[in-house]
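One file, protein11.csv, carrying CSV, C-alpha atoms and all ligand atoms:
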```
chain,number,residue,atom,x,y,z
A,1,MET,CA,76.9,34.8,19.4
A,2,PRO,CA,74.3,35.3,22.2
A,3,ALA,CA,74.1,38.4,24.3
A,4,GLY,CA,74.2,38.5,28.0
A,5,ILE,CA,75.0,40.6,31.1
A,6,LEU,CA,78.8,40.8,31.4
A,7,SER,CA,79.0,42.7,34.7
A,8,LEU,CA,77.0,44.7,37.1
A,9,GLY,CA,77.4,47.8,39.2
A,10,ARG,CA,75.2,49.6,41.8
A,11,TYR,CA,74.8,52.7,43.9
A,12,ILE,CA,73.1,52.6,47.3
A,13,PRO,CA,72.6,56.0,49.1
A,14,ASP,CA,74.1,56.3,52.6
A,15,THR,CA,71.0,57.5,54.5
A,16,ILE,CA,69.0,54.7,56.1
A,17,VAL,CA,65.4,55.4,56.9
A,18,THR,CA,63.8,52.8,59.1
A,19,ASN,CA,60.1,52.0,59.6
A,20,LYS,CA,60.5,53.6,63.0
A,21,ASP,CA,61.7,56.8,61.4
A,22,LEU,CA,58.6,56.8,59.3
A,23,GLU,CA,56.4,56.3,62.4
A,24,ASN,CA,57.5,59.8,63.4
A,25,ARG,CA,56.6,61.2,60.1
A,26,MET,CA,53.1,59.7,59.4
A,27,ASP,CA,50.4,57.5,60.8
A,28,THR,CA,52.0,54.1,60.2
A,29,SER,CA,53.7,51.4,62.2
A,30,ASP,CA,56.8,49.2,61.8
A,31,GLU,CA,54.5,46.2,62.3
A,32,TRP,CA,52.1,47.2,59.5
A,33,ILE,CA,54.9,47.9,57.0
A,34,ARG,CA,56.9,44.7,57.8
A,35,THR,CA,53.9,42.3,57.7
A,36,ARG,CA,52.2,43.9,54.6
A,37,THR,CA,55.3,44.6,52.5
A,38,GLY,CA,58.4,42.9,54.0
A,39,ILE,CA,60.2,46.3,54.1
A,40,GLU,CA,62.3,47.1,57.2
A,41,GLU,CA,64.3,50.1,55.9
A,42,ARG,CA,65.1,52.0,52.7
A,43,ARG,CA,67.7,54.4,51.5
A,44,TYR,CA,67.1,58.1,50.6
A,45,ALA,CA,69.5,60.1,48.4
A,46,SER,CA,70.4,63.5,49.8
A,47,ASP,CA,69.5,66.8,48.0
A,48,GLU,CA,73.0,67.0,46.5
A,49,ILE,CA,72.7,63.6,44.8
A,50,ASP,CA,70.4,63.5,41.8
A,51,THR,CA,69.4,60.6,39.6
A,52,SER,CA,72.2,61.1,37.1
A,53,ASP,CA,74.8,61.0,40.0
A,54,MET,CA,73.5,57.6,41.1
A,55,ALA,CA,73.4,56.4,37.5
A,56,TYR,CA,76.9,57.5,36.9
A,57,SER,CA,78.3,55.7,39.9
A,58,ALA,CA,76.6,52.4,39.1
A,59,ALA,CA,77.5,52.6,35.4
A,60,LYS,CA,81.2,53.3,36.3
A,61,GLU,CA,81.4,50.3,38.5
A,62,ALA,CA,79.7,48.0,35.9
A,63,MET,CA,82.2,49.2,33.2
A,64,GLU,CA,85.2,48.8,35.4
A,65,ARG,CA,84.1,45.3,36.3
A,66,ALA,CA,83.6,44.4,32.7
A,67,GLY,CA,87.0,45.9,31.7
A,68,VAL,CA,85.2,47.9,29.0
A,69,LYS,CA,86.5,51.4,28.1
A,70,PRO,CA,84.1,54.3,27.8
A,71,GLU,CA,84.8,54.7,24.1
A,72,GLU,CA,83.8,51.1,23.5
A,73,ILE,CA,80.2,51.6,24.5
A,74,GLY,CA,77.9,51.9,21.5
A,75,LEU,CA,74.7,52.7,23.3
A,76,ILE,CA,73.6,53.9,26.7
A,77,LEU,CA,70.0,53.1,27.9
A,78,VAL,CA,68.9,54.6,31.2
A,79,ALA,CA,65.6,53.3,32.6
A,80,THR,CA,64.0,55.9,35.0
A,81,VAL,CA,60.8,57.7,35.7
A,82,THR,CA,62.6,60.2,37.9
A,83,PRO,CA,65.2,61.9,35.7
A,84,ASP,CA,67.0,65.0,36.8
A,85,LYS,CA,64.9,67.0,34.3
A,86,PRO,CA,62.8,66.1,31.2
A,87,PHE,CA,65.8,66.7,29.0
A,88,PRO,CA,68.7,66.3,28.4
A,89,THR,CA,68.2,62.7,29.3
A,90,VAL,CA,70.0,61.0,32.2
A,91,SER,CA,71.7,58.8,29.5
A,92,CYS,CA,73.1,61.9,27.8
A,93,MET,CA,74.3,63.3,31.1
A,94,ILE,CA,76.2,60.2,32.0
A,95,GLN,CA,77.5,59.7,28.5
A,96,ASP,CA,79.4,63.0,29.0
A,97,ARG,CA,80.6,62.2,32.5
A,98,LEU,CA,81.7,58.7,31.6
A,99,GLY,CA,83.5,59.9,28.4
A,100,ALA,CA,81.5,57.4,26.3
A,101,LYS,CA,82.0,59.6,23.2
A,102,ASN,CA,81.0,57.0,20.7
A,103,ALA,CA,77.8,56.1,22.4
A,104,ALA,CA,74.2,56.9,21.4
A,105,ALA,CA,72.0,57.6,24.4
A,106,MET,CA,68.4,57.5,25.3
A,107,ASP,CA,66.2,57.1,28.4
A,108,ILE,CA,63.5,54.4,28.7
A,109,SER,CA,60.3,55.1,30.5
A,110,ALA,CA,58.7,51.8,31.7
A,111,ALA,CA,58.5,52.4,35.4
A,112,CYS,CA,59.6,49.3,37.5
A,113,SER,CA,60.0,47.2,34.4
A,114,GLY,CA,62.5,49.7,32.9
A,115,PHE,CA,65.6,47.6,33.5
A,116,MET,CA,64.0,44.6,31.8
A,117,TYR,CA,63.0,46.7,28.8
A,118,GLY,CA,66.6,48.1,28.7
A,119,VAL,CA,68.4,44.7,28.8
A,120,ILE,CA,66.1,43.2,26.2
A,121,THR,CA,66.6,46.2,23.9
A,122,ALA,CA,70.3,46.0,24.5
A,123,LYS,CA,70.3,42.3,23.5
A,124,GLN,CA,68.8,43.1,20.1
A,125,PHE,CA,71.6,45.7,19.3
A,126,VAL,CA,74.3,43.3,20.5
A,127,GLU,CA,73.1,40.2,18.7
A,128,SER,CA,72.5,42.2,15.4
A,129,GLY,CA,76.1,43.2,15.5
A,130,ALA,CA,75.2,46.9,15.6
A,131,TYR,CA,77.0,47.5,18.9
A,132,LYS,CA,79.6,45.5,20.8
A,133,TYR,CA,78.7,46.8,24.2
A,134,VAL,CA,75.5,48.4,25.5
A,135,LEU,CA,75.3,50.0,29.0
A,136,VAL,CA,72.0,49.6,30.7
A,137,VAL,CA,71.1,51.5,33.9
A,138,GLY,CA,68.0,51.2,36.1
A,139,VAL,CA,67.9,54.2,38.4
A,140,GLU,CA,65.3,56.0,40.6
A,141,LYS,CA,65.2,58.8,43.0
A,142,LEU,CA,61.6,58.1,44.0
A,143,THR,CA,61.7,60.3,47.0
A,144,LYS,CA,61.4,63.2,44.5
A,145,ILE,CA,57.8,62.1,43.6
A,146,THR,CA,56.8,60.6,46.9
A,147,ASN,CA,53.9,62.3,48.8
A,148,PHE,CA,54.9,62.0,52.5
A,149,GLU,CA,51.3,62.8,53.3
A,150,ASP,CA,50.1,59.6,51.7
A,151,ARG,CA,50.9,56.6,53.9
A,152,ASN,CA,49.6,54.2,51.2
A,153,THR,CA,52.6,54.9,49.0
A,154,ALA,CA,55.2,56.8,51.1
A,155,VAL,CA,56.4,53.7,53.1
A,156,LEU,CA,57.1,51.6,50.0
A,157,PHE,CA,59.8,53.4,48.1
A,158,GLY,CA,63.6,54.0,48.2
A,159,ASP,CA,66.3,55.5,46.0
A,160,GLY,CA,69.2,53.7,44.2
A,161,ALA,CA,70.8,52.6,41.0
A,162,GLY,CA,71.9,49.4,39.3
A,163,ALA,CA,73.8,49.0,36.0
A,164,ALA,CA,74.8,46.3,33.6
A,165,VAL,CA,77.1,46.0,30.6
A,166,VAL,CA,75.5,43.9,27.9
A,167,GLY,CA,77.7,42.2,25.3
A,168,ASN,CA,78.4,38.9,23.6
A,169,VAL,CA,78.9,35.8,25.7
A,170,SER,CA,79.9,32.3,24.8
A,171,GLU,CA,77.4,29.8,23.4
A,172,GLY,CA,75.1,28.3,26.1
A,173,LYS,CA,75.4,31.4,28.3
A,174,GLY,CA,73.5,34.7,28.4
A,175,ILE,CA,69.9,35.5,27.6
A,176,LEU,CA,68.0,32.4,26.5
A,177,SER,CA,64.5,33.9,26.2
A,178,PHE,CA,62.5,37.0,27.1
A,179,GLU,CA,59.0,38.4,27.3
A,180,LEU,CA,58.0,42.0,27.3
A,181,GLY,CA,54.5,43.3,27.6
A,182,ALA,CA,52.2,46.3,28.3
A,183,ASP,CA,48.6,46.9,29.1
A,184,GLY,CA,47.9,50.6,28.9
A,185,SER,CA,44.3,50.1,30.0
A,186,GLY,CA,45.8,49.8,33.6
A,187,GLY,CA,47.4,53.2,33.3
A,188,ASN,CA,45.1,54.6,36.0
A,189,GLU,CA,46.2,52.1,38.6
A,190,LEU,CA,49.7,53.5,39.0
A,191,TYR,CA,50.8,57.0,37.7
A,192,GLN,CA,52.3,60.3,38.3
A,193,ASP,CA,50.2,63.4,38.1
A,194,GLY,CA,51.7,66.8,39.0
A,195,PRO,CA,54.5,66.3,41.6
A,196,TYR,CA,53.4,63.0,43.0
A,197,LEU,CA,53.0,59.2,42.4
A,198,TYR,CA,49.6,57.6,42.9
A,199,MET,CA,48.8,54.0,43.2
A,200,ASN,CA,45.8,51.7,43.6
A,201,GLY,CA,47.8,49.2,45.7
A,202,ARG,CA,45.2,46.4,45.7
A,203,GLU,CA,44.8,46.4,41.9
A,204,VAL,CA,48.5,46.6,41.3
A,205,PHE,CA,49.0,43.7,43.7
A,206,LYS,CA,46.5,41.5,41.9
A,207,PHE,CA,48.0,42.3,38.5
A,208,ALA,CA,51.6,41.7,39.8
A,209,VAL,CA,50.8,38.3,41.3
A,210,ARG,CA,49.3,37.1,38.1
A,211,GLN,CA,51.7,38.7,35.6
A,212,MET,CA,55.0,37.8,37.5
A,213,GLY,CA,53.9,34.1,37.6
A,214,GLU,CA,52.8,34.0,34.0
A,215,SER,CA,55.8,35.8,32.6
A,216,ALA,CA,58.3,33.7,34.6
A,217,GLU,CA,56.6,30.5,33.3
A,218,ALA,CA,56.5,31.8,29.8
A,219,VAL,CA,60.3,32.5,29.5
A,220,ILE,CA,61.1,29.2,31.1
A,221,ALA,CA,59.0,27.4,28.5
A,222,GLU,CA,60.4,29.6,25.7
A,223,ALA,CA,63.9,28.6,26.7
A,224,GLY,CA,62.9,24.9,26.4
A,225,LEU,CA,63.4,24.4,30.1
A,226,THR,CA,61.3,23.1,33.0
A,227,LYS,CA,60.8,24.8,36.4
A,228,GLU,CA,63.1,22.1,37.9
A,229,GLU,CA,66.0,23.4,35.8
A,230,ILE,CA,65.8,26.9,37.3
A,231,ASP,CA,68.4,27.7,39.9
A,232,PHE,CA,67.4,31.1,41.1
A,233,LEU,CA,64.7,33.8,40.8
A,234,VAL,CA,65.3,37.6,40.8
A,235,PRO,CA,61.8,39.2,41.1
A,236,HIS,CA,61.2,43.0,41.2
A,237,GLN,CA,61.3,43.9,44.8
A,238,ALA,CA,57.9,45.6,45.4
A,239,ASN,CA,56.2,43.5,48.1
A,240,ILE,CA,57.4,40.3,49.7
A,241,ARG,CA,54.0,38.7,49.3
A,242,ILE,CA,54.1,39.2,45.5
A,243,MET,CA,57.6,37.9,45.4
A,244,GLU,CA,56.7,34.8,47.5
A,245,SER,CA,53.8,34.0,45.2
A,246,SER,CA,56.2,33.9,42.2
A,247,ARG,CA,58.7,31.8,44.1
A,248,GLN,CA,56.0,29.3,45.1
A,249,ARG,CA,54.7,29.1,41.5
A,250,LEU,CA,58.3,28.0,40.4
A,251,ASN,CA,58.6,25.6,43.3
A,252,LEU,CA,61.8,27.2,44.5
A,253,PRO,CA,63.1,27.1,48.1
A,254,VAL,CA,63.3,30.4,50.0
A,255,GLU,CA,67.1,30.6,49.6
A,256,LYS,CA,66.7,30.5,45.8
A,257,MET,CA,65.0,33.9,45.5
A,258,SER,CA,66.6,37.3,45.7
A,259,LYS,CA,65.5,39.4,48.7
A,260,THR,CA,66.8,42.9,49.2
A,261,ILE,CA,63.4,44.5,49.8
A,262,GLN,CA,63.8,44.5,53.6
A,263,ARG,CA,66.9,46.8,53.2
A,264,TYR,CA,66.1,48.9,50.2
A,265,GLY,CA,62.3,49.0,49.8
A,266,ASN,CA,61.0,49.3,46.2
A,267,THR,CA,63.6,51.1,44.1
A,268,SER,CA,61.6,50.6,40.9
A,269,ALA,CA,63.9,50.2,37.8
A,270,ALA,CA,66.9,49.7,40.1
A,271,SER,CA,65.6,46.8,42.1
A,272,ILE,CA,66.4,43.9,39.8
A,273,PRO,CA,70.1,44.9,39.0
A,274,ILE,CA,70.8,45.8,42.6
A,275,SER,CA,69.5,42.5,43.8
A,276,LEU,CA,71.3,40.5,41.1
A,277,TYR,CA,74.5,42.3,41.9
A,278,GLU,CA,74.2,41.2,45.6
A,279,ASP,CA,73.2,37.7,44.7
A,280,ILE,CA,76.4,37.3,42.6
A,281,GLU,CA,78.6,39.1,45.1
A,282,GLU,CA,77.4,36.9,47.9
A,283,GLY,CA,77.6,33.6,46.0
A,284,ARG,CA,73.9,32.9,45.8
A,285,VAL,CA,74.1,33.0,42.0
A,286,LYS,CA,77.1,31.1,40.6
A,287,ASP,CA,78.7,30.7,37.2
A,288,GLY,CA,76.5,28.6,35.0
A,289,ASP,CA,73.3,29.0,37.0
A,290,THR,CA,70.1,29.3,35.1
A,291,ILE,CA,68.1,32.3,36.5
A,292,VAL,CA,64.8,34.1,35.8
A,293,LEU,CA,64.5,37.9,36.2
A,294,VAL,CA,61.0,39.2,36.3
A,295,GLY,CA,59.5,42.7,36.8
A,296,PHE,CA,56.3,44.6,36.5
A,297,GLY,CA,55.4,48.2,37.0
A,298,GLY,CA,53.4,51.3,36.0
A,299,GLY,CA,52.1,51.5,32.4
A,300,LEU,CA,51.2,48.8,33.2
A,301,THR,CA,54.3,47.1,31.9
A,302,TRP,CA,56.1,43.8,32.5
A,303,GLY,CA,59.2,42.0,31.4
A,304,ALA,CA,61.0,38.7,32.1
A,305,ILE,CA,64.3,37.1,31.1
A,306,CYS,CA,65.6,33.5,31.4
A,307,MET,CA,69.4,33.5,31.3
A,308,VAL,CA,72.5,31.6,32.1
A,309,TRP,CA,74.9,33.5,34.3
A,401,LIG,N1,50.5,52.2,57.6
A,401,LIG,C1,49.4,51.8,58.2
A,401,LIG,N2,48.3,51.5,57.6
A,401,LIG,C2,48.2,51.6,56.3
A,401,LIG,C3,49.3,52.1,55.5
A,401,LIG,C4,50.5,52.3,56.2
A,401,LIG,N3,51.6,52.7,55.6
A,401,LIG,N4,49.0,52.1,54.2
A,401,LIG,C5,47.7,51.7,54.2
A,401,LIG,N5,47.2,51.4,55.4
A,401,LIG,C6,45.9,50.9,55.8
A,401,LIG,C7,44.9,51.3,54.7
A,401,LIG,O1,44.4,52.6,54.9
A,401,LIG,C8,43.8,50.2,55.0
A,401,LIG,O2,43.0,50.6,56.1
A,401,LIG,P1,41.4,50.5,56.0
A,401,LIG,O3,41.2,49.0,55.9
A,401,LIG,O4,41.0,51.1,57.3
A,401,LIG,O5,41.0,51.3,54.8
A,401,LIG,C9,44.6,49.0,55.4
A,401,LIG,O6,45.9,49.5,55.8
A,401,LIG,C10,44.7,47.9,54.4
A,401,LIG,O7,45.1,48.5,53.1
A,401,LIG,P2,45.2,47.6,51.8
A,401,LIG,O8,45.4,48.5,50.7
A,401,LIG,O9,44.1,46.6,51.8
A,401,LIG,O10,46.6,46.8,52.2
A,401,LIG,P3,47.3,45.7,51.3
A,401,LIG,O11,47.4,44.5,52.1
A,401,LIG,O12,46.7,45.7,49.9
A,401,LIG,O13,48.7,46.3,51.2
A,401,LIG,C11,50.1,47.5,49.6
A,401,LIG,C12,48.9,47.6,50.6
A,401,LIG,C13,51.4,47.1,50.5
A,401,LIG,C14,50.4,48.8,49.0
A,401,LIG,C15,49.9,46.4,48.6
A,401,LIG,O14,48.6,46.6,48.0
A,401,LIG,C16,50.9,46.4,47.5
A,401,LIG,O15,52.1,46.0,47.8
A,401,LIG,N6,50.5,46.6,46.3
A,401,LIG,C17,51.4,46.5,45.1
A,401,LIG,C18,52.2,47.8,45.1
A,401,LIG,C19,53.3,47.6,44.1
A,401,LIG,O16,53.9,46.5,44.0
A,401,LIG,N7,53.7,48.6,43.4
A,401,LIG,C20,54.8,48.4,42.5
A,401,LIG,C21,54.9,49.2,41.3
A,401,LIG,S1,55.6,50.7,41.8
A,401,LIG,C22,56.2,51.5,40.4
A,401,LIG,O17,56.0,51.0,39.3
A,401,LIG,C23,56.9,52.8,40.6
```
Can you dump the structure from the file as structure tokens?
Amino acid sequence: MPAGILSLGRYIPDTIVTNKDLENRMDTSDEWIRTRTGIEERRYASDEIDTSDMAYSAAKEAMERAGVKPEEIGLILVATVTPDKPFPTVSCMIQDRLGAKNAAAMDISAACSGFMYGVITAKQFVESGAYKYVLVVGVEKLTKITNFEDRNTAVLFGDGAGAAVVGNVSEGKGILSFELGADGSGGNELYQDGPYLYMNGREVFKFAVRQMGESAEAVIAEAGLTKEEIDFLVPHQANIRIMESSRQRLNLPVEKMSKTIQRYGNTSAASIPISLYEDIEEGRVKDGDTIVLVGFGGGLTWGAICMVW
């Protein structure tokens, strides 16, 4: 039986930080941020809320929605580059809090592509019959590694979490095809050194435009489909201009692409599950729709999925 996403959950911090708020903190403008990135506001988690707290909340919601009990989970995969601490992993921390006593647990480090790496890994374990349910979380407290003296990066990021329960679905549904990739030679374009994240925005931009388009087309072809058969696109929410180029390459109208960047900024590994959650909740993605999820990030890494919801 094929594997697919059974349910989703998310956690969005309460504190809203607008572009105007950032104007008071650094030499930037609402106009620059809106036109260059599409971001209007983002959420920051408070000091009391760490990565594992956000991951726990999103995971709990996804499990409740799937009707899966904690002890039924066989594996927990948490995609993050901002864990509470190097170890124990966030996945072990939430395994205990959820009471998922039969689950193995590990974190995945693939930056913004982390959720894609997680879901595609989960698919292998489910389809092989090793585990009935795998919990996948994409979570990031990027404000922990944001340098508020660097306007090139500080305006882009936000905090949040998204989670999915992956399990068997009926024939004709679930994940039809996937692509994962990495190019370590681009490691110096986007990295963390010491406390802060550094990025060569222009190079990452060029890479993202090319890779998102190529990967989306590759998974559609691999699934034996044409672009015309795709109902919806969920791209990683890093920059509206990158997202728009992927949408145009698939010839999809504006309303057929996920767009949460204006409210949450770039939440890295959390952006795709948070967006998909809202698209399903708000009826943009409907039962039986064929959708493409595509992400890219530090590493450099990328991942795409073509699936039927
Ligand atoms: N406010 C005002 N001006 C700014 C700001 C700011 N926040 N940031 C940069 N500028 C200035 C620059 O200093 C530059 O000025 P100059 O021409 O005098 O030197 C000017 O704006 C233009 O800068 P560019 O870098 O050319 O701007 P660009 O249009 O490329 O946009 C951006 C920059 C938004 C960062 C873009 O390159 C981008 O989105 N890149 C991709 C980033 C990304 O997607 N990262 C995702 C991965 S993140 C992860 O994996 C954790």
Counting only C-alpha atoms and all ligand atoms, the option among A:Thr35, A:Thr290, A:Ser245, A:Asn152 closest to ligand LIG 401 (chain A):
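Once distances to ligand LIG 401 (chain A) are computed over only C-alpha atoms and all ligand atoms, the minimum belongs to A:Asn152.
Within a radius of 8 Å around (62.5, 60.9, 43.0), the polymer residues are A:Thr51, A:Thr82, A:Pro83, A:Glu140, A:Lys141, A:Leu142, A:Thr143, A:Lys144, A:Ile145, A:Thr146, A:Asp159, counting all atoms listed in the file.
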Selection near Ile49 in chain A, 10 Å with all atoms listed in the file, sequence-local residues under 5 positions removed, as an NGL selection string
:A and (13 or 44 or 54 or 84 or 141)
Ligand LIG 401 (chain A) neighbours within 7 Å using all atoms listed in the file, as number ranges by chain
A: 27-29, 32-33, 36-37, 111-112, 151-153, 155, 190, 201-202, 204-205, 208, 238-239, 268, 296-298
Go through A:Ala130, A:Ala161, A:Ile39, A:Ala45 one by one, measure the shortest atom-to-atom distance of each to Glu61 in chain A using only C-alpha atoms, and give the residue with the smallest value.
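Checking each candidate against Glu61 in chain A, we get A:Ala161 as the closest.
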Could you please fill out range 238-254 of chain A with N, CA and C atoms and send it back as a compact mmCIF listing (two decimals), in the frame of the given file?
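And here is the file that came out, result32.txt:
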```
# COMPACT_ATOMS: atom_id res chain seq x y z
N ALA A 238 58.97 44.63 45.10
CA ALA A 238 57.90 45.60 45.40
C ALA A 238 57.18 45.23 46.69
N ASN A 239 56.98 43.94 46.89
CA ASN A 239 56.20 43.50 48.10
C ASN A 239 56.59 42.01 48.28
N ILE A 240 56.99 41.65 49.48
CA ILE A 240 57.40 40.30 49.70
C ILE A 240 56.35 39.26 49.41
N ARG A 241 55.08 39.67 49.58
CA ARG A 241 54.00 38.70 49.30
C ARG A 241 53.86 38.43 47.82
N ILE A 242 54.12 39.45 46.99
CA ILE A 242 54.10 39.20 45.50
C ILE A 242 55.28 38.35 45.14
N MET A 243 56.43 38.64 45.71
CA MET A 243 57.60 37.90 45.40
C MET A 243 57.46 36.40 45.80
N GLU A 244 56.89 36.20 46.98
CA GLU A 244 56.70 34.80 47.50
C GLU A 244 55.75 34.04 46.57
N SER A 245 54.73 34.71 46.03
CA SER A 245 53.80 34.00 45.20
C SER A 245 54.51 33.51 43.89
N SER A 246 55.43 34.32 43.36
CA SER A 246 56.20 33.90 42.20
C SER A 246 57.12 32.74 42.52
N ARG A 247 57.75 32.86 43.67
CA ARG A 247 58.70 31.80 44.10
C ARG A 247 57.95 30.46 44.23
N GLN A 248 56.80 30.51 44.87
CA GLN A 248 56.00 29.30 45.10
C GLN A 248 55.57 28.68 43.76
N ARG A 249 55.20 29.57 42.82
CA ARG A 249 54.70 29.10 41.50
C ARG A 249 55.86 28.33 40.79
N LEU A 250 57.11 28.73 41.04
CA LEU A 250 58.30 28.00 40.40
C LEU A 250 58.79 26.90 41.28
N ASN A 251 58.14 26.65 42.41
CA ASN A 251 58.60 25.60 43.30
C ASN A 251 60.01 25.74 43.81
N LEU A 252 60.44 26.96 44.03
CA LEU A 252 61.80 27.20 44.50
C LEU A 252 61.87 27.35 45.99
N PRO A 253 62.92 26.84 46.65
CA PRO A 253 63.10 27.10 48.10
C PRO A 253 63.38 28.57 48.37
N VAL A 254 63.13 29.01 49.59
CA VAL A 254 63.30 30.40 50.00
C VAL A 254 64.69 30.97 49.59
```
